[in-house]
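Below is one structure; the comments refer to it alone.
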Amino acid sequence: MAGYDIVHVAIAPPEILEASLVKEVAAILNKDLYGTRLLLAGKIPRIGAHYQTTQAAESVANRLKALGIVAIVCNDSELRQSSPVGFRAHTLKLEVAESTFWDKSGEARRLQAENVFLILKGRMQTYTDKEVTTTKMKFSLPATILTGGIPIWRKVKEKNSDASFQTENFVRLYNRMSPEPSVEIFESDFDYSFLGEKIAPSSFTNLNTIIAELRNTFPQAIFDDKLSGFFGADASFTTQRDDIEVSCKLIYLCHKVVSNFSPSA
């Protein structure tokens with residue numbers, strides 16, 4: 001049907017998971033207890049239910065909020081919409097209450113402390129599937145027969161698929177107005193030379209140093225590192241890019257709900 005859009009209710013796991021809470025949430029979502037416990041466990045916000053209208057989703061979200069649950073309502077089209085290419089910083093300069101970032105082309109972006117709402121640290125896994133051509137020597141029976149039994153070998157080209165995974169750590173800075181990051185930094189694609197004496201041989205260590213500096217520069221910003229490692233109930237969580245993008249948006253929206261921020265306020 002034209003214009004139809006699924007509406008999700010996403011839930012941020014509570015700090016304390018009690019059996020009574022699991023039972024109440026299961027009744028609201030019309031789910032079994034085991035599935036509800038998995039939904040509420042861990043640290044990462046998850047989509048808990050789907051509805052055909054915003055009104056139905058908001059009604060359920062309000063009932064969950066009455067239990068002390070952080071619940072958000074979001075359309076599938078917005079949640080899974082491909083994010084535009086963000087400002088990918090290559091270096092930066094830290095100053096008092098602000099920071100200036102430059103990308104590889106030399107374009108600059110300045111962020112002031114009062115405009116940075118969230119600093120999000122995470123890890124994603126990218127998958128590449130390359131076609132590799134190899135040359136092998138293969139025994140040719142027909143040619144061997146024609147030569148009267150002299151073994152004949154021929155070169156044969158074979159095409160194979162070479163799959164590889166690469167883990168990339170990143171940090172993203174968000175303002176209060178958009179679930180798309182204002183600036184993003186990737187561990188393997190950043191010039192750390194500005195750190196001077198603080199620079200370390202490890203890019204991972206350098207990224208953590210930058211994060212610490214950003215937190216000092218933007219002390220009012222929320223810091224969230226739930227996506228930097230997955231344990232317990234989150235151990236099976238995939239770190240591929242598409243899932244990370246959805247999780248980044250859900251984390252942003254959850255923090256926005258908790259902070260009671262209103263763009264019109």
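Going through the structure tokens in order, the chains are called A, B, and so on, while each chain numbers its residues from 1 and the ligands are numbered from 1 in the order shown.
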Check your understanding: Using only C-alpha atoms, which residues sit within 12 Å of Val246 (chain A) once same-chain residues fewer than 2 positions away are excluded, as number ranges by chain?
Key -> A: 10, 44-47, 74-83, 124, 179-180, 227, 238-244, 248-253
Point to revise | Exercise: Glu58 (chain A) partners within 12 Å, only C-alpha atoms, chain neighbours under 3 positions left out, as a PyMOL selection string | key: chain A and resi 7-10+49-55+61-65+71-75
Check your understanding: Between CA of Leu94 (chain A) and CA of Ser228 (chain A), what is the distance, to one decimal in Å?
Key -> 23.5 Å
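A straight line drawn from CA of Ser203 (chain A) to CA of Ser188 (chain A) is 6.9 Å long.
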Check your understanding: Just asking: which residues within region 4-219 of chain A are helix (DSSP H, G or I) according to DSSP, as a PyMOL selection string?
Key -> chain A and resi 19-29+33-40+54-65+76-79+113-115+141-146+187-189+193-198+203-217
Check your understanding: CA of Leu120 (chain A) and CA of Gly86 (chain A) are how many Å apart?
Key ->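 Distance between the two atoms: 14.4 Å.
When the distance limit is 10 Å and only C-alpha atoms are what count, the residues near Lys31 (chain A), minus those fewer than 6 positions from it on the same chain, are Lys23, Val25, Arg37, Gly48 and Ala49 of chain A.
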Review point. Which residue out of A:Ile16, A:Glu168, A:Ile119, A:Ala143 has the minimum interatomic distance to Ser182 (chain A) when only C-alpha atoms are used?
Key: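 Ranked by minimum distance to Ser182 (chain A), first place goes to A:Ile119.
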Check your understanding: If we count only C-alpha atoms, what is near Ser259 (chain A) at a cut-off of 12 Å, once residues fewer than 6 positions away on the same chain are taken out, given as an MDAnalysis selection string?
Key -> chainID A and resid 70 117:118 176 220:222 252:253
Review point. Within 12 Å of Ile150 (chain A), counting only C-alpha atoms, which residues qualify if same-chain residues fewer than 5 places away don't, as a PyMOL selection string?
Key: chain A and resi 139-145
Could you dump the residues just selected with C-alpha atoms as a PDB file, in the first residue's frame?
```pdb
ATOM      1  CA  PHE A 139      46.777 -32.320 -15.762  1.00  0.00           C
ATOM      2  CA  SER A 140      45.273 -32.696 -19.263  1.00  0.00           C
ATOM      3  CA  LEU A 141      44.205 -36.265 -19.981  1.00  0.00           C
ATOM      4  CA  PRO A 142      43.154 -35.693 -23.662  1.00  0.00           C
ATOM      5  CA  ALA A 143      46.486 -34.036 -24.470  1.00  0.00           C
ATOM      6  CA  THR A 144      48.382 -36.792 -22.677  1.00  0.00           C
ATOM      7  CA  ILE A 145      46.602 -39.442 -24.767  1.00  0.00           C
TER       8      ILE A 145
END
```
Listing only residues of region 161-196 of chain A within 12 Å of region 104-107 of chain A, what is the closest atom pair and its distance in Å (to one decimal) for each, using only C-alpha atoms, sorted by chain and residue number ascending, as a tab-separated table?
```
residue	atom	partner	partner_atom	distance
A:Ile185	CA	A:Lys104	CA	11.9
A:Asp189	CA	A:Lys104	CA	9.6
A:Phe190	CA	A:Lys104	CA	9.2
A:Asp191	CA	A:Lys104	CA	9.7
```
Would you put the residues from that selection into a file with N, CA and C atoms, as an mmCIF file, in the first residue's frame?
```cif
data_model
loop_
_atom_site.group_PDB
_atom_site.id
_atom_site.type_symbol
_atom_site.label_atom_id
_atom_site.label_comp_id
_atom_site.auth_asym_id
_atom_site.auth_seq_id
_atom_site.Cartn_x
_atom_site.Cartn_y
_atom_site.Cartn_z
ATOM 1 N N ILE A 185 35.128 10.267 13.438
ATOM 2 C CA ILE A 185 36.553 9.956 13.351
ATOM 3 C C ILE A 185 36.705 8.442 13.324
ATOM 4 N N ASP A 189 41.915 6.030 9.833
ATOM 5 C CA ASP A 189 41.905 7.073 8.816
ATOM 6 C C ASP A 189 42.014 8.449 9.455
ATOM 7 N N PHE A 190 42.983 8.581 10.371
ATOM 8 C CA PHE A 190 43.116 9.843 11.083
ATOM 9 C C PHE A 190 44.589 10.152 11.303
ATOM 10 N N ASP A 191 44.918 11.431 11.222
ATOM 11 C CA ASP A 191 46.291 11.892 11.425
ATOM 12 C C ASP A 191 46.446 12.303 12.893
#
```
**Study point:** Contacts of Lys155 (chain A) at 8 Å (only C-alpha atoms; same-chain gap of 5+ positions) as a list of chain:residue names
**Key:**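 Result of the neighbour search: A:Thr135, A:Lys136, A:Met137, A:Lys138.
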Put those residues in a file: C-alpha atoms, as a CSV table (one decimal), in the first residue's frame.
```csv
chain,number,residue,atom,x,y,z
A,135,THR,CA,46.6,-19.7,-12.1
A,136,LYS,CA,47.2,-23.4,-11.5
A,137,MET,CA,48.7,-26.2,-13.4
A,138,LYS,CA,46.1,-28.9,-14.3
```
